[in-house]
>>> print(open('structure19.txt').read())   # compact mmCIF, C-alpha atoms and all ligand atoms
# COMPACT_ATOMS: atom_id res chain seq x y z
CA MET A 1 -13.00 -3.09 4.92
CA LYS A 2 -10.24 -5.64 4.40
CA SER A 3 -7.00 -5.17 6.36
CA TYR A 4 -3.50 -5.83 5.11
CA ILE A 5 -0.28 -6.90 6.80
CA VAL A 6 2.56 -6.54 4.34
CA GLY A 7 6.09 -7.73 5.14
CA ASN A 8 8.86 -6.05 3.16
CA TRP A 9 11.89 -8.37 3.30
CA LYS A 10 14.06 -5.86 1.41
CA MET A 11 17.47 -7.28 0.34
CA ASN A 12 17.43 -10.11 2.90
CA PHE A 13 17.32 -13.93 2.65
CA SER A 14 18.72 -16.13 -0.11
CA VAL A 15 16.19 -17.89 -2.36
CA GLY A 16 16.53 -21.01 -0.19
CA GLU A 17 16.08 -19.06 3.04
CA SER A 18 13.05 -17.26 1.58
CA SER A 19 11.46 -20.59 0.76
CA VAL A 20 12.12 -22.02 4.22
CA TYR A 21 10.71 -18.87 5.82
CA LEU A 22 7.60 -18.89 3.63
CA HIS A 23 7.07 -22.56 4.50
CA LYS A 24 7.21 -21.70 8.21
CA LEU A 25 4.66 -18.89 7.79
CA LEU A 26 2.33 -21.06 5.70
CA GLN A 27 2.40 -23.78 8.35
CA ARG A 28 1.39 -21.37 11.08
CA LEU A 29 -1.18 -19.23 9.28
CA ARG A 30 -4.84 -19.82 8.59
CA GLY A 31 -6.50 -18.07 5.67
CA SER A 32 -8.79 -15.11 6.38
CA ARG A 33 -11.18 -13.30 4.08
CA SER A 34 -10.87 -10.03 5.95
CA LEU A 35 -7.11 -9.96 6.52
CA GLU A 36 -4.68 -10.22 3.63
CA VAL A 37 -1.12 -11.27 4.49
CA VAL A 38 1.44 -10.24 1.89
CA VAL A 39 5.20 -10.71 1.76
CA ALA A 40 7.63 -8.94 -0.55
CA PRO A 41 10.72 -11.11 -1.06
CA SER A 42 13.73 -10.29 -3.19
CA SER A 43 12.84 -10.40 -6.90
CA ILE A 44 14.93 -13.53 -7.58
CA ALA A 45 12.78 -15.47 -5.09
CA LEU A 46 9.44 -14.44 -6.59
CA GLN A 47 9.18 -17.16 -9.21
CA PRO A 48 9.83 -20.17 -6.92
CA LEU A 49 7.79 -18.64 -4.11
CA SER A 50 4.87 -18.05 -6.46
CA LEU A 51 4.75 -21.82 -7.03
CA GLN A 52 5.14 -22.56 -3.32
CA THR A 53 2.69 -20.16 -1.74
CA ASP A 54 -0.93 -20.80 -0.91
CA ARG A 55 -2.60 -17.58 -2.04
CA LYS A 56 -5.46 -18.12 0.41
CA LYS A 57 -2.91 -17.59 3.18
CA ILE A 58 -0.08 -15.46 1.79
CA ARG A 59 0.17 -13.36 -1.36
CA LEU A 60 3.35 -12.04 -2.90
CA ALA A 61 4.47 -8.51 -3.67
CA ALA A 62 7.40 -7.22 -5.67
CA GLN A 63 9.48 -4.57 -3.88
CA THR A 64 9.69 -2.37 -6.97
CA ALA A 65 9.26 -2.52 -10.74
CA ASN A 66 10.17 -0.57 -13.83
CA SER A 67 7.41 1.44 -15.47
CA HIS A 68 8.16 0.16 -18.99
CA ASP A 69 6.69 -3.14 -20.10
CA PHE A 70 9.89 -4.31 -21.89
CA GLY A 71 12.98 -2.93 -23.58
CA ALA A 72 16.60 -1.91 -23.10
CA TYR A 73 16.58 -1.31 -19.33
CA THR A 74 19.45 -3.46 -18.07
CA GLY A 75 18.85 -4.99 -14.69
CA GLU A 76 15.25 -3.88 -14.41
CA ILE A 77 12.10 -5.97 -14.02
CA SER A 78 8.77 -4.91 -15.50
CA CYS A 79 5.23 -5.37 -14.30
CA THR A 80 4.62 -7.39 -17.46
CA GLN A 81 7.29 -9.84 -16.27
CA LEU A 82 5.86 -9.83 -12.75
CA ARG A 83 2.32 -10.45 -13.95
CA GLY A 84 1.15 -13.84 -12.70
CA LEU A 85 3.94 -14.08 -10.11
CA VAL A 86 2.72 -11.39 -7.72
CA ASP A 87 -0.58 -9.84 -6.70
CA TYR A 88 1.00 -6.63 -5.38
CA CYS A 89 3.91 -4.31 -6.08
CA ILE A 90 5.40 -1.83 -3.61
CA ILE A 91 5.96 1.39 -5.54
CA GLY A 92 7.79 4.52 -4.42
CA HIS A 93 9.33 3.10 -1.24
CA SER A 94 11.45 5.81 0.37
CA GLU A 95 14.60 3.72 -0.04
CA ARG A 96 13.97 3.58 -3.81
CA ARG A 97 13.29 7.33 -3.85
CA GLN A 98 16.36 8.23 -1.79
CA LEU A 99 18.99 5.64 -2.72
CA PHE A 100 18.00 4.91 -6.32
CA HIS A 101 16.70 8.35 -7.31
CA LEU A 102 13.20 7.20 -8.17
CA THR A 103 11.25 10.28 -9.25
CA ASP A 104 7.58 11.15 -8.82
CA LYS A 105 7.26 10.69 -12.59
CA ASP A 106 8.65 7.12 -12.34
CA VAL A 107 6.30 6.40 -9.45
CA ARG A 108 3.26 7.63 -11.34
CA ALA A 109 4.18 5.63 -14.45
CA THR A 110 4.85 2.47 -12.41
CA VAL A 111 1.50 2.72 -10.64
CA ALA A 112 -0.13 2.82 -14.09
CA ALA A 113 2.07 -0.08 -15.29
CA ALA A 114 1.09 -2.23 -12.32
CA LEU A 115 -2.61 -1.61 -12.91
CA ARG A 116 -2.47 -2.42 -16.61
CA ASN A 117 -0.71 -5.68 -15.68
CA GLN A 118 -3.33 -6.71 -13.11
CA ILE A 119 -1.03 -6.00 -10.14
CA THR A 120 -2.23 -3.96 -7.16
CA PRO A 121 0.12 -1.04 -6.52
CA ILE A 122 1.05 -0.29 -2.91
CA LEU A 123 1.92 3.39 -3.35
CA CYS A 124 4.32 4.55 -0.61
CA LEU A 125 4.33 8.12 0.68
CA GLY A 126 6.37 9.72 3.38
CA GLU A 127 8.16 12.88 4.38
CA THR A 128 11.85 12.95 5.27
CA ALA A 129 13.17 14.09 8.64
CA ALA A 130 14.07 17.51 7.20
CA GLU A 131 10.66 17.97 5.56
CA HIS A 132 9.04 16.97 8.85
CA THR A 133 11.15 19.43 10.82
CA PHE A 134 10.42 22.28 8.42
CA GLY A 135 6.65 21.68 8.53
CA GLU A 136 6.45 20.52 4.91
CA THR A 137 4.76 17.18 5.61
CA HIS A 138 1.37 18.05 4.14
CA ASP A 139 2.79 19.58 0.96
CA VAL A 140 5.11 16.63 0.36
CA LEU A 141 2.38 14.07 0.97
CA ARG A 142 -0.09 15.93 -1.24
CA ASP A 143 2.39 15.95 -4.13
CA GLN A 144 3.30 12.27 -3.65
CA LEU A 145 -0.30 11.13 -3.27
CA LEU A 146 -2.00 13.12 -6.03
CA GLY A 147 1.07 12.82 -8.29
CA GLY A 148 1.27 9.06 -7.79
CA LEU A 149 -2.42 8.64 -8.60
CA SER A 150 -2.60 11.13 -11.45
CA GLU A 151 -2.62 8.49 -14.20
CA VAL A 152 -5.16 6.29 -12.42
CA SER A 153 -8.77 6.32 -13.62
CA THR A 154 -11.51 6.74 -11.01
CA GLU A 155 -12.54 3.17 -11.71
CA ASP A 156 -9.03 1.83 -11.07
CA LEU A 157 -8.67 3.69 -7.77
CA SER A 158 -10.47 0.78 -6.12
CA ARG A 159 -7.43 -1.36 -7.05
CA VAL A 160 -4.85 0.83 -5.28
CA ILE A 161 -3.41 0.67 -1.75
CA ILE A 162 -1.64 3.61 -0.09
CA ALA A 163 1.12 3.16 2.49
CA TYR A 164 2.10 6.13 4.65
CA GLU A 165 5.63 5.72 5.98
CA PRO A 166 7.35 8.74 7.54
CA VAL A 167 10.95 8.30 6.41
CA TRP A 168 12.26 9.42 9.80
CA ALA A 169 10.41 6.53 11.46
CA ILE A 170 11.74 3.76 9.22
CA SER A 171 14.17 1.65 11.19
CA THR A 172 16.90 1.48 8.62
CA THR A 173 17.20 5.25 8.49
CA THR A 174 19.89 6.59 10.78
CA GLY A 175 18.43 8.17 13.84
CA ALA A 176 14.97 6.77 13.19
CA HIS A 177 12.49 7.15 15.98
CA LEU A 178 8.91 6.02 16.45
CA ALA A 179 6.08 8.21 15.22
CA ALA A 180 3.55 8.93 17.97
CA PRO A 181 0.18 7.34 17.09
CA GLU A 182 -1.52 10.74 17.65
CA GLU A 183 0.67 12.33 15.01
CA VAL A 184 0.09 9.44 12.60
CA ALA A 185 -3.65 9.78 13.24
CA ALA A 186 -3.56 13.47 12.28
CA THR A 187 -1.64 12.70 9.08
CA ILE A 188 -3.98 9.87 8.10
CA LYS A 189 -6.90 12.25 8.64
CA TYR A 190 -5.23 14.75 6.33
CA LEU A 191 -4.69 12.09 3.64
CA ARG A 192 -8.32 10.92 3.85
CA GLN A 193 -9.55 14.51 3.57
CA LEU A 194 -7.31 15.09 0.55
CA LEU A 195 -8.70 11.95 -1.10
CA THR A 196 -12.27 13.03 -0.27
CA ASP A 197 -11.73 16.51 -1.71
CA THR A 198 -10.18 15.06 -4.86
CA TYR A 199 -12.22 11.93 -5.56
CA GLY A 200 -15.30 12.16 -3.34
CA ALA A 201 -16.14 10.51 -0.03
CA ASP A 202 -17.09 7.04 -1.34
CA THR A 203 -13.85 6.55 -3.26
CA ALA A 204 -11.76 8.03 -0.45
CA GLU A 205 -13.25 5.79 2.21
CA ALA A 206 -12.77 2.67 0.10
CA LEU A 207 -9.03 3.27 -0.42
CA PRO A 208 -6.96 1.24 2.05
CA ILE A 209 -4.23 3.22 3.83
CA LEU A 210 -1.48 1.26 5.59
CA TYR A 211 0.99 2.61 8.12
CA GLY A 212 4.69 1.72 8.19
CA GLY A 213 7.67 2.79 10.27
CA SER A 214 9.37 0.51 12.82
CA VAL A 215 6.19 -1.43 13.50
CA ASN A 216 6.67 -4.31 15.93
CA PRO A 217 4.42 -6.45 18.15
CA SER A 218 4.53 -3.86 20.96
CA ASN A 219 3.26 -0.93 18.90
CA ALA A 220 1.21 -2.67 16.15
CA GLY A 221 -2.04 -2.44 18.13
CA ALA A 222 -1.66 1.31 18.65
CA TYR A 223 -1.15 1.97 14.94
CA LEU A 224 -3.86 -0.46 13.82
CA THR A 225 -6.49 1.23 15.97
CA ILE A 226 -5.90 4.66 14.44
CA PRO A 227 -9.11 5.60 12.59
CA GLY A 228 -8.61 5.25 8.86
CA VAL A 229 -5.63 2.86 9.08
CA ASN A 230 -6.32 -0.41 7.27
CA GLY A 231 -3.13 -2.31 7.91
CA LEU A 232 0.63 -2.19 8.26
CA LEU A 233 3.72 -2.26 6.10
CA VAL A 234 6.39 -3.96 8.18
CA GLY A 235 10.13 -4.05 7.46
CA SER A 236 12.54 -5.34 10.13
CA ALA A 237 9.94 -7.17 12.22
CA SER A 238 8.72 -9.07 9.16
CA LEU A 239 12.09 -10.87 9.02
CA ILE A 240 11.42 -12.63 12.32
CA ALA A 241 8.64 -15.22 12.05
CA ASP A 242 7.45 -14.93 15.66
CA GLN A 243 7.21 -11.15 15.44
CA PHE A 244 5.50 -11.13 12.05
CA LEU A 245 3.00 -13.78 13.14
CA GLU A 246 2.31 -11.89 16.35
CA ILE A 247 1.57 -8.70 14.36
CA ILE A 248 -0.85 -10.73 12.22
CA GLU A 249 -2.57 -12.04 15.37
CA ILE A 250 -2.86 -8.49 16.72
CA ALA A 251 -4.44 -7.38 13.43
CA LYS A 252 -6.98 -10.21 13.69
CA ARG A 253 -7.84 -9.21 17.25
CA VAL A 254 -8.26 -5.55 16.28
CA GLN A 255 -10.70 -6.61 13.54
CA ASP A 256 -12.87 -8.72 15.91
C1 LIG B 301 9.83 -0.15 5.50
O1 LIG B 301 10.98 0.02 5.11
O2 LIG B 301 8.87 -0.18 4.70
C2 LIG B 301 9.62 -0.31 6.92
C3 LIG B 301 8.43 -0.02 7.39
O3 LIG B 301 10.69 -0.72 7.64
P1 LIG B 301 10.75 -0.86 9.25
O4 LIG B 301 9.52 -1.61 9.68
O5 LIG B 301 11.99 -1.64 9.49
O6 LIG B 301 10.76 0.52 9.77
>>> encode(input="structure19.txt", output="structure tokens", more="lines below")
Ligand code: PEP
Amino acid sequence: MKSYIVGNWKMNFSVGESSVYLHKLLQRLRGSRSLEVVVAPSSIALQPLSLQTDRKKIRLAAQTANSHDFGAYTGEISCTQLRGLVDYCIIGHSERRQLFHLTDKDVRATVAAALRNQITPILCLGETAAEHTFGETHDVLRDQLLGGLSEVSTEDLSRVIIAYEPVWAISTTTGAHLAAPEEVAATIKYLRQLLTDTYGADTAEALPILYGGSVNPSNAGAYLTIPGVNGLLVGSASLIADQFLEIIEIAKRVQD
């Protein structure tokens, strides 16, 4: 199966800086059929970067989108507007859920909006530190996963990517700490089983699941070799070209 390395730039880099950074990455990357490299710049940089990028090497993702196609939603950007600019859209990132009160209903509707606009949703799931401590991880992930996919037809499931990111392991969260690969492995196994029970083994196995949470060049290999993990969603380390490129090299080595 194809692997994915997705860099989430969050609210970093001006449009000019984003362009310079993309140029640097394009110069140093070779295209690969089996490894998709994706970056998610700030929304104002998407239009110029869509003209600049070489999609054989790097594809673009939006960091979020509104579920409506158009209308009176001041400040929002729809999947209809993103169509043609991006191949992917990150949906349900924990920062959107926590800081901007994104609900499961919004997430579900945005996944559907992305699909009807020919954009691949990267549906993010993850339990908070408190949910982790209180042993609620499985319940939370089940609701986020099955809720997020509930408007997706069986046919369209092949166009969805899942990203598991324990909120307590994301570097921007206060007190974040690394998730042990063994624990991530157990959670990925749970998610695969849930997908198998709900959609059948063939569909479940074909769904890419990425891992995210303070991934860097020193731990990327350990997460990438977890059975059932098909790539990484990288925040902080994706802002540093050498680190991001090293993670991509590690992913290539793991595939060989
Ligand atoms: C993220 O926010 O999606 C993320 C994985 O960030 P970091 O790599 O910085 O933990």
>>> atom_distance(input="structure19.txt", atom1="atom CA of Asp69 of chain A", atom2="atom CA of Val107 of chain A")
14.3 Å
>>> residues_near_ligand(input="structure19.txt", ligand="ligand LIG 301 (chain B)", cutoff="7 Å", atoms="only C-alpha atoms and all ligand atoms", output="list in words")
Asn8, His93, Glu165, Ala169, Ile170, Ser171, Thr172, Gly212, Gly213, Ser214, Val215, Leu233, Val234, Gly235, Ser236 and Ala237 of chain A
>>> write_last_selection(input="structure19.txt", atoms="C-alpha atoms", output="compact mmCIF listing (two decimals), keeping the file's coordinate frame")
# COMPACT_ATOMS: atom_id res chain seq x y z
CA ASN A 8 8.86 -6.05 3.16
CA HIS A 93 9.33 3.10 -1.24
CA GLU A 165 5.63 5.72 5.98
CA ALA A 169 10.41 6.53 11.46
CA ILE A 170 11.74 3.76 9.22
CA SER A 171 14.17 1.65 11.19
CA THR A 172 16.90 1.48 8.62
CA GLY A 212 4.69 1.72 8.19
CA GLY A 213 7.67 2.79 10.27
CA SER A 214 9.37 0.51 12.82
CA VAL A 215 6.19 -1.43 13.50
CA LEU A 233 3.72 -2.26 6.10
CA VAL A 234 6.39 -3.96 8.18
CA GLY A 235 10.13 -4.05 7.46
CA SER A 236 12.54 -5.34 10.13
CA ALA A 237 9.94 -7.17 12.22
>>> residues_around(input="structure19.txt", residues="Asp202 of chain A", least_positions_apart="5", cutoff="12 Å", atoms="only C-alpha atoms", output="PyMOL selection string")
chain A and resi 154-155+157-158+192-193+195-197+207
>>> closest_residue(input="structure19.txt", among="A:Ala114, A:Asp87, A:Asn66, A:Ile77", to="Leu102 of chain A", atoms="all atoms listed in the file")
A:Asn66
>>> closest_residue(input="structure19.txt", among="A:Thr203, A:Ser150, A:Thr137, A:Gln255", to="Trp168 of chain A", atoms="only C-alpha atoms")
A:Thr137
>>> residues_around(input="structure19.txt", residues="segment 141-148 of chain A", least_positions_apart="4", cutoff="9 Å", atoms="all atoms listed in the file", output="PyMOL selection string")
chain A and resi 92+104-112+123-127+136-137+152+162+164+191+194-195+198
>>> closest_residue(input="structure19.txt", among="A:Leu149, A:Ala206, A:Val229, A:Ala222", to="Ala179 of chain A", atoms="all atoms listed in the file")
A:Ala222
>>> residues_around(input="structure19.txt", residues="segment 241-248 of chain A", least_positions_apart="6", cutoff="8 Å", atoms="all atoms listed in the file", output="PDB file with C-alpha atoms, in the coordinates of the input")
ATOM      1  CA  ILE A   5      -0.280  -6.900   6.800  1.00  0.00           C
ATOM      2  CA  GLY A   7       6.090  -7.730   5.140  1.00  0.00           C
ATOM      3  CA  TYR A  21      10.710 -18.870   5.820  1.00  0.00           C
ATOM      4  CA  LYS A  24       7.210 -21.700   8.210  1.00  0.00           C
ATOM      5  CA  LEU A  25       4.660 -18.890   7.790  1.00  0.00           C
ATOM      6  CA  LEU A  29      -1.180 -19.230   9.280  1.00  0.00           C
ATOM      7  CA  VAL A  37      -1.120 -11.270   4.490  1.00  0.00           C
ATOM      8  CA  ASN A 216       6.670  -4.310  15.930  1.00  0.00           C
ATOM      9  CA  PRO A 217       4.420  -6.450  18.150  1.00  0.00           C
ATOM     10  CA  ALA A 220       1.210  -2.670  16.150  1.00  0.00           C
TER      11      ALA A 220
END
>>> atom_distance(input="structure19.txt", atom1="atom CA of Ser94 of chain A", atom2="atom CA of Lys10 of chain A")
12.0 Å
>>> residues_around(input="structure19.txt", residues="Arg55 of chain A", least_positions_apart="3", cutoff="10 Å", atoms="all atoms listed in the file", output="PyMOL selection string")
chain A and resi 26+31+36-38+50-52+58-60+86-87
>>> residues_near_point(input="structure19.txt", point="(-4.9, -11.0, -16.8)", cutoff="10 Å", atoms="all atoms listed in the file", output="short mmCIF file (atom, residue, chain, number, x, y, z; two decimals) with C-alpha atoms, in the coordinates of the input")
data_model
loop_
_atom_site.label_atom_id
_atom_site.label_comp_id
_atom_site.auth_asym_id
_atom_site.auth_seq_id
_atom_site.Cartn_x
_atom_site.Cartn_y
_atom_site.Cartn_z
CA ARG A 83 2.32 -10.45 -13.95
CA GLY A 84 1.15 -13.84 -12.70
CA ARG A 116 -2.47 -2.42 -16.61
CA ASN A 117 -0.71 -5.68 -15.68
CA GLN A 118 -3.33 -6.71 -13.11
CA ILE A 119 -1.03 -6.00 -10.14
#
>>> closest_residue(input="structure19.txt", among="A:Leu46, A:Pro41, A:Asp54, A:His68", to="Gln27 of chain A", atoms="all atoms listed in the file")
A:Asp54
>>> build_atoms(input="structure19.txt", residues="segment 95-106 of chain A", atoms="all heavy atoms", output="mmCIF file, in the frame of the given file")
data_model
loop_
_atom_site.group_PDB
_atom_site.id
_atom_site.type_symbol
_atom_site.label_atom_id
_atom_site.label_comp_id
_atom_site.auth_asym_id
_atom_site.auth_seq_id
_atom_site.Cartn_x
_atom_site.Cartn_y
_atom_site.Cartn_z
ATOM 1 N N GLU A 95 13.231 4.134 0.277
ATOM 2 C CA GLU A 95 14.600 3.720 -0.040
ATOM 3 C C GLU A 95 14.844 3.781 -1.547
ATOM 4 O O GLU A 95 15.940 4.116 -1.997
ATOM 5 C CB GLU A 95 14.869 2.307 0.510
ATOM 6 C CG GLU A 95 15.040 2.348 2.024
ATOM 7 C CD GLU A 95 14.709 1.053 2.743
ATOM 8 O OE1 GLU A 95 14.629 -0.009 2.110
ATOM 9 O OE2 GLU A 95 14.505 1.128 3.977
ATOM 10 N N ARG A 96 13.829 3.464 -2.350
ATOM 11 C CA ARG A 96 13.970 3.580 -3.810
ATOM 12 C C ARG A 96 14.064 5.062 -4.197
ATOM 13 O O ARG A 96 14.841 5.444 -5.062
ATOM 14 C CB ARG A 96 12.773 2.961 -4.543
ATOM 15 C CG ARG A 96 12.521 1.494 -4.304
ATOM 16 C CD ARG A 96 13.558 0.550 -4.841
ATOM 17 N NE ARG A 96 14.090 0.847 -6.132
ATOM 18 C CZ ARG A 96 15.131 0.177 -6.672
ATOM 19 N NH1 ARG A 96 15.717 -0.807 -5.998
ATOM 20 N NH2 ARG A 96 15.577 0.484 -7.867
ATOM 21 N N ARG A 97 13.269 5.896 -3.515
ATOM 22 C CA ARG A 97 13.290 7.330 -3.850
ATOM 23 C C ARG A 97 14.634 7.936 -3.486
ATOM 24 O O ARG A 97 15.220 8.685 -4.256
ATOM 25 C CB ARG A 97 12.175 8.073 -3.098
ATOM 26 C CG ARG A 97 10.753 7.735 -3.549
ATOM 27 C CD ARG A 97 9.750 8.562 -2.743
ATOM 28 N NE ARG A 97 8.379 8.106 -2.856
ATOM 29 C CZ ARG A 97 7.454 8.669 -3.641
ATOM 30 N NH1 ARG A 97 7.757 9.692 -4.395
ATOM 31 N NH2 ARG A 97 6.221 8.212 -3.657
ATOM 32 N N GLN A 98 15.142 7.578 -2.276
ATOM 33 C CA GLN A 98 16.360 8.230 -1.790
ATOM 34 C C GLN A 98 17.637 7.621 -2.355
ATOM 35 O O GLN A 98 18.537 8.330 -2.754
ATOM 36 C CB GLN A 98 16.414 8.130 -0.272
ATOM 37 C CG GLN A 98 15.348 8.979 0.407
ATOM 38 C CD GLN A 98 15.662 9.238 1.850
ATOM 39 O OE1 GLN A 98 16.069 8.310 2.554
ATOM 40 N NE2 GLN A 98 15.482 10.455 2.295
ATOM 41 N N LEU A 99 17.727 6.290 -2.345
ATOM 42 C CA LEU A 99 18.990 5.640 -2.720
ATOM 43 C C LEU A 99 19.099 5.395 -4.217
ATOM 44 O O LEU A 99 20.178 5.295 -4.753
ATOM 45 C CB LEU A 99 19.135 4.297 -1.976
ATOM 46 C CG LEU A 99 19.053 4.350 -0.455
ATOM 47 C CD1 LEU A 99 19.055 2.950 0.139
ATOM 48 C CD2 LEU A 99 20.228 5.155 0.101
ATOM 49 N N PHE A 100 17.956 5.259 -4.891
ATOM 50 C CA PHE A 100 18.000 4.910 -6.320
ATOM 51 C C PHE A 100 17.337 5.981 -7.183
ATOM 52 O O PHE A 100 17.013 5.739 -8.345
ATOM 53 C CB PHE A 100 17.368 3.525 -6.542
ATOM 54 C CG PHE A 100 18.066 2.467 -5.734
ATOM 55 C CD1 PHE A 100 17.528 2.007 -4.542
ATOM 56 C CD2 PHE A 100 19.314 1.984 -6.121
ATOM 57 C CE1 PHE A 100 18.193 1.068 -3.765
ATOM 58 C CE2 PHE A 100 19.984 1.043 -5.353
ATOM 59 C CZ PHE A 100 19.431 0.580 -4.169
ATOM 60 N N HIS A 101 17.128 7.157 -6.574
ATOM 61 C CA HIS A 101 16.700 8.350 -7.310
ATOM 62 C C HIS A 101 15.396 8.157 -8.097
ATOM 63 O O HIS A 101 15.234 8.703 -9.188
ATOM 64 C CB HIS A 101 17.828 8.837 -8.239
ATOM 65 C CG HIS A 101 19.144 8.854 -7.543
ATOM 66 N ND1 HIS A 101 19.409 9.682 -6.482
ATOM 67 C CD2 HIS A 101 20.255 8.084 -7.701
ATOM 68 C CE1 HIS A 101 20.623 9.447 -6.038
ATOM 69 N NE2 HIS A 101 21.157 8.465 -6.739
ATOM 70 N N LEU A 102 14.507 7.352 -7.546
ATOM 71 C CA LEU A 102 13.200 7.200 -8.170
ATOM 72 C C LEU A 102 12.462 8.534 -8.108
ATOM 73 O O LEU A 102 12.408 9.162 -7.050
ATOM 74 C CB LEU A 102 12.414 6.140 -7.372
ATOM 75 C CG LEU A 102 11.115 5.643 -7.966
ATOM 76 C CD1 LEU A 102 11.400 4.682 -9.111
ATOM 77 C CD2 LEU A 102 10.297 4.915 -6.897
ATOM 78 N N THR A 103 11.926 8.974 -9.226
ATOM 79 C CA THR A 103 11.250 10.280 -9.250
ATOM 80 C C THR A 103 9.737 10.100 -9.136
ATOM 81 O O THR A 103 9.214 8.998 -9.333
ATOM 82 C CB THR A 103 11.541 11.018 -10.571
ATOM 83 O OG1 THR A 103 10.967 10.231 -11.623
ATOM 84 C CG2 THR A 103 13.026 11.181 -10.819
ATOM 85 N N ASP A 104 9.038 11.206 -8.878
ATOM 86 C CA ASP A 104 7.580 11.150 -8.820
ATOM 87 C C ASP A 104 7.010 10.690 -10.170
ATOM 88 O O ASP A 104 6.005 10.000 -10.222
ATOM 89 C CB ASP A 104 7.008 12.539 -8.480
ATOM 90 C CG ASP A 104 7.243 12.871 -7.006
ATOM 91 O OD1 ASP A 104 7.501 11.949 -6.215
ATOM 92 O OD2 ASP A 104 7.179 14.071 -6.656
ATOM 93 N N LYS A 105 7.712 11.082 -11.241
ATOM 94 C CA LYS A 105 7.260 10.690 -12.590
ATOM 95 C C LYS A 105 7.365 9.167 -12.757
ATOM 96 O O LYS A 105 6.459 8.517 -13.267
ATOM 97 C CB LYS A 105 8.144 11.420 -13.621
ATOM 98 C CG LYS A 105 7.645 11.366 -15.006
ATOM 99 C CD LYS A 105 8.408 12.386 -15.876
ATOM 100 C CE LYS A 105 8.252 12.014 -17.342
ATOM 101 N NZ LYS A 105 9.491 11.568 -17.965
ATOM 102 N N ASP A 106 8.490 8.590 -12.271
ATOM 103 C CA ASP A 106 8.650 7.120 -12.340
ATOM 104 C C ASP A 106 7.550 6.439 -11.530
ATOM 105 O O ASP A 106 6.985 5.431 -11.941
ATOM 106 C CB ASP A 106 9.990 6.669 -11.713
ATOM 107 C CG ASP A 106 11.211 7.222 -12.423
ATOM 108 O OD1 ASP A 106 11.150 7.391 -13.640
ATOM 109 O OD2 ASP A 106 12.230 7.476 -11.724
#
